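S.K.: Dropping in start_31.txt, with compact mmCIF, C-alpha atoms and all ligand atoms.
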# COMPACT_ATOMS: atom_id res chain seq x y z
CA MET P 1 -0.47 9.53 19.61
CA SER P 2 -3.20 7.25 20.91
CA GLY P 3 -6.57 7.84 22.43
CA PRO P 4 -7.99 6.03 25.45
CA GLY P 5 -7.72 2.26 25.27
CA GLY P 6 -5.08 2.42 22.55
CA ALA P 7 -7.57 3.56 19.88
CA PRO P 8 -5.86 5.64 17.24
CA ALA P 9 -6.41 9.38 17.63
CA TYR P 10 -6.81 11.78 14.70
CA GLY P 11 -7.44 8.90 12.34
CA GLU P 12 -3.89 7.61 12.46
CA ILE P 13 -3.43 4.40 10.51
CA ALA P 14 0.30 3.88 10.89
CA GLN P 15 3.19 5.50 12.69
CA PHE P 16 6.91 4.94 12.19
CA GLU P 17 9.31 6.43 14.74
CA ASN P 18 13.09 6.39 14.29
CA VAL P 19 12.82 3.26 12.19
CA GLY P 20 16.07 1.85 10.86
CA LEU P 21 16.66 -1.19 8.69
CA ARG P 22 19.84 -3.06 7.96
CA TYR P 23 20.21 -6.24 5.95
CA GLY P 24 23.05 -8.19 7.54
CA PRO P 25 26.12 -6.27 8.67
CA ASP P 26 26.00 -3.77 5.79
CA ARG P 27 25.13 -0.09 6.00
CA GLU P 28 21.62 0.87 7.02
CA VAL P 29 19.22 0.74 4.08
CA LEU P 30 16.79 2.98 5.98
CA ALA P 31 17.72 5.39 8.77
CA ASP P 32 15.60 7.39 11.21
CA VAL P 33 12.42 6.98 9.20
CA ALA P 34 9.50 8.74 10.89
CA PHE P 35 6.02 9.45 9.55
CA THR P 36 2.35 9.10 10.28
CA LEU P 37 -0.23 7.87 7.79
CA PHE P 38 -3.61 9.48 8.31
CA SER P 39 -6.84 7.68 7.60
CA GLY P 40 -8.39 8.36 4.21
CA SER P 41 -5.31 9.94 2.62
CA PHE P 42 -3.53 9.08 -0.63
CA TYR P 43 0.24 8.84 -0.36
CA PHE P 44 2.93 8.38 -2.94
CA LEU P 45 6.26 6.99 -1.79
CA THR P 46 8.87 7.99 -4.30
CA GLY P 47 12.63 7.82 -4.69
CA ALA P 48 15.27 6.42 -7.02
CA SER P 49 15.78 2.73 -7.59
CA GLY P 50 17.45 1.25 -4.53
CA ALA P 51 16.35 4.12 -2.25
CA GLY P 52 14.53 1.68 0.01
CA LYS P 53 10.89 2.02 -1.06
CA SER P 54 10.13 -1.72 -1.13
CA SER P 55 11.93 -2.19 2.17
CA LEU P 56 9.84 0.52 3.83
CA LEU P 57 6.62 -0.92 2.41
CA ARG P 58 7.52 -4.44 3.57
CA MET P 59 7.76 -3.11 7.11
CA LEU P 60 4.43 -1.31 6.65
CA TYR P 61 2.63 -4.49 5.59
CA LEU P 62 4.41 -6.51 8.28
CA ALA P 63 6.54 -8.70 6.02
CA GLN P 64 9.78 -7.28 7.44
CA ARG P 65 10.79 -6.25 10.94
CA PRO P 66 12.85 -3.10 11.41
CA THR P 67 16.32 -3.33 12.94
CA ARG P 68 15.38 -0.53 15.30
CA GLY P 69 12.58 1.94 15.99
CA ALA P 70 8.86 1.74 16.65
CA ILE P 71 5.98 0.90 14.34
CA ARG P 72 2.33 1.26 15.29
CA LEU P 73 -0.44 0.03 13.02
CA PHE P 74 -4.12 0.69 13.68
CA GLY P 75 -3.18 1.82 17.18
CA GLN P 76 -1.27 -1.36 18.04
CA ASP P 77 2.44 -1.77 18.63
CA ALA P 78 3.46 -3.92 15.67
CA ILE P 79 6.90 -4.70 17.12
CA THR P 80 5.85 -6.19 20.44
CA LEU P 81 2.60 -7.69 19.19
CA PRO P 82 2.51 -11.45 19.90
CA ARG P 83 2.86 -13.60 16.77
CA GLU P 84 -0.76 -14.69 16.88
CA GLY P 85 -1.85 -11.06 16.60
CA LEU P 86 -0.12 -10.50 13.25
CA PRO P 87 -2.65 -12.17 10.91
CA GLY P 88 -5.42 -9.99 12.36
CA LEU P 89 -3.43 -6.84 11.57
CA ARG P 90 -2.36 -8.13 8.16
CA ARG P 91 -5.98 -8.72 7.15
CA ARG P 92 -6.54 -4.99 7.48
CA ILE P 93 -3.88 -4.32 4.82
CA GLY P 94 -4.18 -5.10 1.10
CA VAL P 95 -0.97 -5.43 -0.91
CA VAL P 96 -0.42 -5.01 -4.67
CA PHE P 97 2.94 -6.01 -6.18
CA GLN P 98 4.62 -4.92 -9.41
CA ASP P 99 4.75 -8.52 -10.58
CA CYS P 100 1.12 -9.22 -9.47
CA ARG P 101 2.04 -12.57 -7.84
CA LEU P 102 -1.14 -14.24 -9.02
CA VAL P 103 -1.44 -18.01 -8.59
CA PRO P 104 -0.80 -19.25 -12.14
CA HIS P 105 -3.05 -22.31 -12.14
CA LEU P 106 -6.06 -20.45 -10.74
CA SER P 107 -8.56 -18.44 -12.79
CA ALA P 108 -9.00 -14.71 -12.27
CA PHE P 109 -12.10 -15.54 -10.24
CA ASP P 110 -10.28 -18.01 -7.99
CA ASN P 111 -7.33 -15.67 -7.50
CA VAL P 112 -9.64 -12.93 -6.26
CA ALA P 113 -11.63 -15.42 -4.15
CA LEU P 114 -8.46 -16.73 -2.48
CA PRO P 115 -8.27 -14.27 0.45
CA LEU P 116 -11.94 -14.89 1.26
CA ARG P 117 -11.46 -18.67 1.16
CA VAL P 118 -8.34 -18.43 3.32
CA ALA P 119 -10.33 -16.34 5.81
CA GLY P 120 -12.98 -19.10 5.93
CA VAL P 121 -15.79 -17.18 4.24
CA PRO P 122 -18.54 -19.68 3.29
CA GLU P 123 -18.62 -20.53 -0.44
CA LYS P 124 -22.17 -19.18 -0.81
CA ASP P 125 -20.91 -15.72 0.23
CA ILE P 126 -18.00 -15.66 -2.22
CA ALA P 127 -19.39 -15.65 -5.77
CA ARG P 128 -21.21 -12.33 -5.63
CA PRO P 129 -18.51 -10.10 -4.11
CA VAL P 130 -15.80 -11.65 -6.32
CA ALA P 131 -17.90 -11.13 -9.47
CA ASP P 132 -18.70 -7.57 -8.38
CA MET P 133 -15.04 -6.85 -7.73
CA LEU P 134 -13.94 -8.23 -11.10
CA GLU P 135 -16.62 -6.16 -12.77
CA TRP P 136 -15.38 -3.09 -10.90
CA VAL P 137 -11.87 -3.55 -12.32
CA GLY P 138 -13.35 -4.08 -15.80
CA LEU P 139 -12.80 -7.83 -16.08
CA ALA P 140 -16.33 -9.22 -15.83
CA ASP P 141 -15.80 -11.17 -19.05
CA ARG P 142 -12.39 -12.61 -18.07
CA MET P 143 -13.29 -14.33 -14.78
CA ALA P 144 -12.57 -17.84 -16.01
CA ASP P 145 -9.21 -16.95 -17.58
CA LYS P 146 -5.87 -17.94 -16.08
CA PRO P 147 -3.21 -15.25 -15.52
CA ALA P 148 -1.07 -16.38 -18.49
CA SER P 149 -3.87 -15.52 -20.91
CA LEU P 150 -4.31 -11.99 -19.49
CA SER P 151 -2.31 -8.90 -20.44
CA GLY P 152 -0.01 -7.24 -17.89
CA GLY P 153 -2.61 -4.57 -17.14
CA GLU P 154 -5.36 -7.16 -16.80
CA GLN P 155 -3.22 -9.23 -14.44
CA GLN P 156 -2.52 -6.16 -12.38
CA ARG P 157 -6.26 -5.41 -12.16
CA VAL P 158 -6.83 -8.97 -10.89
CA GLY P 159 -4.07 -8.28 -8.35
CA ILE P 160 -5.82 -5.10 -7.24
CA ALA P 161 -9.19 -6.90 -6.99
CA ARG P 162 -7.54 -9.60 -4.86
CA ALA P 163 -5.90 -6.97 -2.63
CA VAL P 164 -9.16 -5.19 -1.90
CA ILE P 165 -11.71 -8.03 -1.83
CA GLY P 166 -11.31 -8.22 1.96
CA ARG P 167 -12.07 -4.46 2.27
CA PRO P 168 -8.72 -3.50 3.80
CA GLU P 169 -8.41 -0.16 5.56
CA LEU P 170 -4.93 0.33 4.11
CA LEU P 171 -3.88 -0.50 0.55
CA VAL P 172 -0.14 -0.71 -0.12
CA ALA P 173 1.00 -0.91 -3.74
CA ASP P 174 4.68 -1.43 -4.62
CA GLU P 175 5.41 -0.10 -8.14
CA PRO P 176 1.99 -1.30 -9.34
CA THR P 177 2.41 0.44 -12.70
CA GLY P 178 5.96 -0.75 -13.33
CA ASN P 179 5.01 -3.36 -15.93
CA VAL P 180 2.22 -1.58 -17.82
CA ASP P 181 2.07 1.12 -20.50
CA PRO P 182 1.37 4.77 -19.54
CA ASP P 183 -2.35 4.60 -20.40
CA MET P 184 -2.87 1.53 -18.25
CA ALA P 185 -0.80 3.15 -15.48
CA ILE P 186 -3.32 6.02 -15.37
CA LYS P 187 -6.24 3.55 -15.36
CA LEU P 188 -4.71 1.69 -12.42
CA LEU P 189 -4.18 4.97 -10.58
CA ARG P 190 -7.86 5.81 -11.15
CA LEU P 191 -8.80 2.53 -9.44
CA PHE P 192 -6.64 3.47 -6.45
CA GLU P 193 -8.24 6.91 -6.38
CA ALA P 194 -11.72 5.41 -6.48
CA LEU P 195 -10.84 3.18 -3.54
CA ASN P 196 -9.42 6.14 -1.70
CA ARG P 197 -12.67 8.06 -2.21
CA LEU P 198 -14.45 5.13 -0.56
CA GLY P 199 -12.28 5.70 2.52
CA THR P 200 -9.32 3.37 2.00
CA THR P 201 -5.94 4.84 2.90
CA VAL P 202 -3.66 4.27 -0.09
CA VAL P 203 0.15 4.16 -0.33
CA VAL P 204 1.63 3.78 -3.81
CA ALA P 205 5.40 3.43 -4.28
CA THR P 206 6.68 4.61 -7.62
CA HIS P 207 9.91 5.94 -9.07
CA ASP P 208 7.84 7.54 -11.88
CA VAL P 209 7.60 11.22 -10.92
CA HIS P 210 5.07 11.87 -13.72
CA LEU P 211 2.50 9.81 -11.84
CA LEU P 212 2.66 12.04 -8.76
CA LYS P 213 0.91 14.90 -10.54
CA LYS P 214 -1.94 12.66 -11.66
CA VAL P 215 -3.52 12.50 -8.21
CA PRO P 216 -4.06 16.12 -7.18
CA ASP P 217 -4.71 15.60 -3.47
CA SER P 218 -1.94 13.08 -2.93
CA LEU P 219 0.75 13.50 -0.29
CA ILE P 220 4.32 12.72 -1.18
CA MET P 221 6.94 10.88 0.83
CA ARG P 222 10.36 10.91 -0.79
CA LEU P 223 13.18 8.52 0.02
CA ASP P 224 16.72 9.48 -0.79
CA ARG P 225 19.47 7.04 0.12
CA GLY P 226 17.48 5.64 3.01
CA ARG P 227 16.24 8.93 4.43
CA LEU P 228 12.71 10.19 4.15
CA SER P 229 11.83 13.77 3.22
CA ASP P 230 8.60 15.61 3.24
CA PRO P 231 7.89 17.89 0.28
CA THR P 232 4.15 18.24 1.00
CA GLY P 233 4.21 18.12 4.79
CA ALA P 234 2.71 14.65 4.46
CA LEU P 235 4.65 13.20 7.32
CA ARG P 236 3.75 15.57 10.12
CA TYR P 237 0.29 17.03 9.59
CA PRO P 238 -3.17 15.56 9.39
CA PRO P 239 -4.23 15.92 5.76
CA ARG P 240 -6.54 18.56 4.43
CA ARG P 241 -10.13 17.54 3.83
CA SER P 242 -12.34 17.99 0.75
CA GLY P 243 -9.56 19.46 -1.33
CA VAL P 244 -9.33 22.74 0.61
CA ALA P 245 -5.81 23.70 1.61
CA PRO P 246 -5.55 25.53 4.95
CA ALA P 247 -4.05 28.98 4.44
CA GLY P 248 -0.35 28.86 5.18
CA GLY P 249 -0.60 25.15 6.02
CA PRO P 250 1.59 22.43 4.66
CA HIS P 251 -0.43 22.20 1.46
CA GLY P 252 -1.01 25.91 0.99
CA GLY P 253 0.76 28.19 -1.45
N1 LIG W 301 16.54 -8.95 1.22
C1 LIG W 301 17.57 -8.10 1.04
N2 LIG W 301 18.83 -8.44 1.43
C2 LIG W 301 19.87 -7.58 1.27
N3 LIG W 301 19.77 -6.35 0.72
C3 LIG W 301 18.55 -5.97 0.30
C4 LIG W 301 17.40 -6.81 0.43
N4 LIG W 301 16.32 -6.16 -0.07
C5 LIG W 301 16.78 -4.97 -0.50
N5 LIG W 301 18.11 -4.86 -0.29
C6 LIG W 301 18.94 -3.67 -0.59
O1 LIG W 301 18.35 -2.56 0.06
C7 LIG W 301 18.41 -1.40 -0.76
C8 LIG W 301 17.00 -0.86 -0.96
O2 LIG W 301 16.24 -1.82 -1.73
P1 LIG W 301 14.69 -1.63 -2.01
O3 LIG W 301 14.27 -2.76 -2.87
O4 LIG W 301 14.00 -1.41 -0.74
O5 LIG W 301 14.71 -0.25 -2.84
P2 LIG W 301 13.63 0.34 -3.83
O6 LIG W 301 13.64 1.82 -3.61
O7 LIG W 301 12.33 -0.37 -3.67
O8 LIG W 301 14.25 0.00 -5.24
P3 LIG W 301 13.51 -0.32 -6.65
O9 LIG W 301 12.78 0.94 -7.03
O10 LIG W 301 14.68 -0.61 -7.56
O11 LIG W 301 12.63 -1.50 -6.41
C9 LIG W 301 19.11 -1.83 -2.04
O12 LIG W 301 20.47 -1.48 -1.95
C10 LIG W 301 18.93 -3.33 -2.05
O13 LIG W 301 20.00 -3.94 -2.74
Would you give me this structure, written as structure tokens?
M.R.:
Amino acid sequence: MSGPGGAPAYGEIAQFENVGLRYGPDREVLADVAFTLFSGSFYFLTGASGAGKSSLLRMLYLAQRPTRGAIRLFGQDAITLPREGLPGLRRRIGVVFQDCRLVPHLSAFDNVALPLRVAGVPEKDIARPVADMLEWVGLADRMADKPASLSGGEQQRVGIARAVIGRPELLVADEPTGNVDPDMAIKLLRLFEALNRLGTTVVVATHDVHLLKKVPDSLIMRLDRGRLSDPTGALRYPPRRSGVAPAGGPHGG
């Protein structure tokens, strides 16, 4: 639903309607996927390996087009948007990958600075925010280090810093805790929660059901063989605010 002039109503960040995805002539990997992401919420996308989580996220961060259906992002039709409009939408989305995808020959500092440099931010305006961001993820003393000399958890924190340095409105993380131990997984989740408290809408895909309980106010989207289900009412209702569940509402009981 959109307000006047195409502005998103009710704080809607993204909407999928009847989205289907097929790779080649095979069966549909995703079928009739429909949901709305509401601004400021924390979502988990869960489901077994092969359920289609990465595929759904790729469509959300505009790296994959659906075979059918409608996708709106930030109030704009992402399917019919002219090519030149895509980078503008993509800049509003930060992405964290399981395998970090850091540039190996660049230091932690330069990896985090990369999105700012690509966006043409003047060099004088880069050092401070990058240093602040690396401090925020607990790596102030590792700025000059290359990815190979960092642990998996440290690399992932550089990846998170890089994803959020441009202050995206939506952060999408695909199995961000897949390569780290349980303690580090919780620490990474705390970073996502902190970002969420600052207003960023967060979507974390994980097959680890233990993680879901670690973020009390999170909303859960579950994929099962390409179909999405809705155990918390996450897909239909605007989320509760300030941790208070409406009586009898989707989060009540
Ligand atoms: N580029 C591709 N070409 C063909 N098939 C693909 C492609 N990407 C994914 N698939 C298939 O689509 C299905 C869903 O894959 P996807 O990676 O989205 O699932 P997932 O839930 O993220 O799995 P995992 O948790 O193991 O990463 C799988 O059967 C996979 O083999």
S.K.: With all atoms listed in the file counted, collect every polymer residue having an atom within 7 Å of ligand LIG 301 (chain W); state the result as an mmCIF file with C-alpha atoms, keeping the file's coordinate frame.
M.R.:
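Writing the result to selection.cif gives the following:
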data_model
loop_
_atom_site.group_PDB
_atom_site.id
_atom_site.type_symbol
_atom_site.label_atom_id
_atom_site.label_comp_id
_atom_site.auth_asym_id
_atom_site.auth_seq_id
_atom_site.Cartn_x
_atom_site.Cartn_y
_atom_site.Cartn_z
ATOM 1 C CA TYR P 23 20.210 -6.240 5.950
ATOM 2 C CA VAL P 29 19.220 0.740 4.080
ATOM 3 C CA GLY P 47 12.630 7.820 -4.690
ATOM 4 C CA ALA P 48 15.270 6.420 -7.020
ATOM 5 C CA SER P 49 15.780 2.730 -7.590
ATOM 6 C CA GLY P 50 17.450 1.250 -4.530
ATOM 7 C CA ALA P 51 16.350 4.120 -2.250
ATOM 8 C CA GLY P 52 14.530 1.680 0.010
ATOM 9 C CA LYS P 53 10.890 2.020 -1.060
ATOM 10 C CA SER P 54 10.130 -1.720 -1.130
ATOM 11 C CA SER P 55 11.930 -2.190 2.170
ATOM 12 C CA LEU P 56 9.840 0.520 3.830
ATOM 13 C CA HIS P 207 9.910 5.940 -9.070
#
S.K.: As a tab-separated table (two decimals) with C-alpha atoms, in the frame of the given file, please: the residues near stretch 33-41 of chain P (cut-off 10 Å, all atoms listed in the file, same-chain neighbours under 5 positions excluded).
M.R.:
chain	number	residue	atom	x	y	z
P	1	MET	CA	-0.47	9.53	19.61
P	8	PRO	CA	-5.86	5.64	17.24
P	9	ALA	CA	-6.41	9.38	17.63
P	10	TYR	CA	-6.81	11.78	14.70
P	11	GLY	CA	-7.44	8.90	12.34
P	12	GLU	CA	-3.89	7.61	12.46
P	13	ILE	CA	-3.43	4.40	10.51
P	14	ALA	CA	0.30	3.88	10.89
P	15	GLN	CA	3.19	5.50	12.69
P	16	PHE	CA	6.91	4.94	12.19
P	17	GLU	CA	9.31	6.43	14.74
P	18	ASN	CA	13.09	6.39	14.29
P	19	VAL	CA	12.82	3.26	12.19
P	20	GLY	CA	16.07	1.85	10.86
P	21	LEU	CA	16.66	-1.19	8.69
P	56	LEU	CA	9.84	0.52	3.83
P	69	GLY	CA	12.58	1.94	15.99
P	70	ALA	CA	8.86	1.74	16.65
P	71	ILE	CA	5.98	0.90	14.34
P	72	ARG	CA	2.33	1.26	15.29
P	73	LEU	CA	-0.44	0.03	13.02
P	74	PHE	CA	-4.12	0.69	13.68
P	169	GLU	CA	-8.41	-0.16	5.56
P	170	LEU	CA	-4.93	0.33	4.11
P	193	GLU	CA	-8.24	6.91	-6.38
P	195	LEU	CA	-10.84	3.18	-3.54
P	196	ASN	CA	-9.42	6.14	-1.70
P	197	ARG	CA	-12.67	8.06	-2.21
P	198	LEU	CA	-14.45	5.13	-0.56
P	199	GLY	CA	-12.28	5.70	2.52
P	200	THR	CA	-9.32	3.37	2.00
P	201	THR	CA	-5.94	4.84	2.90
P	202	VAL	CA	-3.66	4.27	-0.09
P	203	VAL	CA	0.15	4.16	-0.33
P	217	ASP	CA	-4.71	15.60	-3.47
P	218	SER	CA	-1.94	13.08	-2.93
P	219	LEU	CA	0.75	13.50	-0.29
P	221	MET	CA	6.94	10.88	0.83
P	223	LEU	CA	13.18	8.52	0.02
P	226	GLY	CA	17.48	5.64	3.01
P	227	ARG	CA	16.24	8.93	4.43
P	228	LEU	CA	12.71	10.19	4.15
P	229	SER	CA	11.83	13.77	3.22
P	230	ASP	CA	8.60	15.61	3.24
P	234	ALA	CA	2.71	14.65	4.46
P	235	LEU	CA	4.65	13.20	7.32
P	236	ARG	CA	3.75	15.57	10.12
P	237	TYR	CA	0.29	17.03	9.59
P	238	PRO	CA	-3.17	15.56	9.39
P	239	PRO	CA	-4.23	15.92	5.76
P	240	ARG	CA	-6.54	18.56	4.43
P	241	ARG	CA	-10.13	17.54	3.83
S.K.: Please measure the separation of atom CA of P:Val158 and atom CA of P:Arg142, giving the value in Å to one decimal.
M.R.: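 Going from atom CA of P:Val158 over to atom CA of P:Arg142 covers 9.8 Å.
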S.K.: Pick from P:Leu150, P:Val96, P:Met133, P:Val112: nearest to P:Thr177, with only C-alpha atoms counted?
M.R.: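 Of the candidates, the smallest distance to P:Thr177 is held by P:Val96.
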S.K.: Calculate how many Å separate atom CA of P:Arg65 from atom CA of P:Asp32, rounding to one decimal.
M.R.: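 That distance, rounded to one decimal, is 14.5 Å.
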S.K.: Can you tell me how far atom CA of P:Tyr61 sits from atom CA of P:Glu154, in Å to one decimal?
M.R.: 23.9 Å
S.K.: Can you tell me, as an MDAnalysis selection string, what residues are no more than 12 Å from P:Asp183 when counting only C-alpha atoms, ignoring any on the same chain fewer than 6 positions away?
M.R.: chainID P and resid 153 177 189:190 211 214
S.K.: At a cut-off of 10 Å, using all atoms listed in the file, what residues contact P:Arg91? Leave out same-chain residues fewer than 5 positions from it and give the result as a PyMOL selection string.
M.R.: chain P and resi 61+86+115+119+163+166-170
S.K.: Show which residues sit within 9 Å of P:Leu134, as a PyMOL selection string. Count all atoms listed in the file, and ignore same-chain residues fewer than 4 positions away.
M.R.: chain P and resi 108-109+112+129-130+138-143+157-158+161
S.K.: Which residues are close to P:Gly152, i.e. within 10 Å by all atoms listed in the file, leaving aside same-chain residues fewer than 6 positions away? Reply as a PyMOL selection string.
M.R.: chain P and resi 98-100+158+177-181+184
S.K.: Restricting the output to C-alpha atoms, write the selected residues as a PDB file, keeping the file's coordinate frame.
M.R.:
ATOM      1  CA  GLN P  98       4.620  -4.920  -9.410  1.00  0.00           C
ATOM      2  CA  ASP P  99       4.750  -8.520 -10.580  1.00  0.00           C
ATOM      3  CA  CYS P 100       1.120  -9.220  -9.470  1.00  0.00           C
ATOM      4  CA  VAL P 158      -6.830  -8.970 -10.890  1.00  0.00           C
ATOM      5  CA  THR P 177       2.410   0.440 -12.700  1.00  0.00           C
ATOM      6  CA  GLY P 178       5.960  -0.750 -13.330  1.00  0.00           C
ATOM      7  CA  ASN P 179       5.010  -3.360 -15.930  1.00  0.00           C
ATOM      8  CA  VAL P 180       2.220  -1.580 -17.820  1.00  0.00           C
ATOM      9  CA  ASP P 181       2.070   1.120 -20.500  1.00  0.00           C
ATOM     10  CA  MET P 184      -2.870   1.530 -18.250  1.00  0.00           C
TER      11      MET P 184
END
S.K.: Measuring between all atoms listed in the file, which one of P:Ile186, P:Ile160, P:Arg225, P:Glu175 shows the shortest distance to P:Ala31?
M.R.: P:Arg225
S.K.: Rank P:Pro87, P:Leu212, P:Glu28, P:Pro122 by their smallest atom-to-atom distance to P:Pro231, using only C-alpha atoms, and report the top residue only.
M.R.: P:Leu212
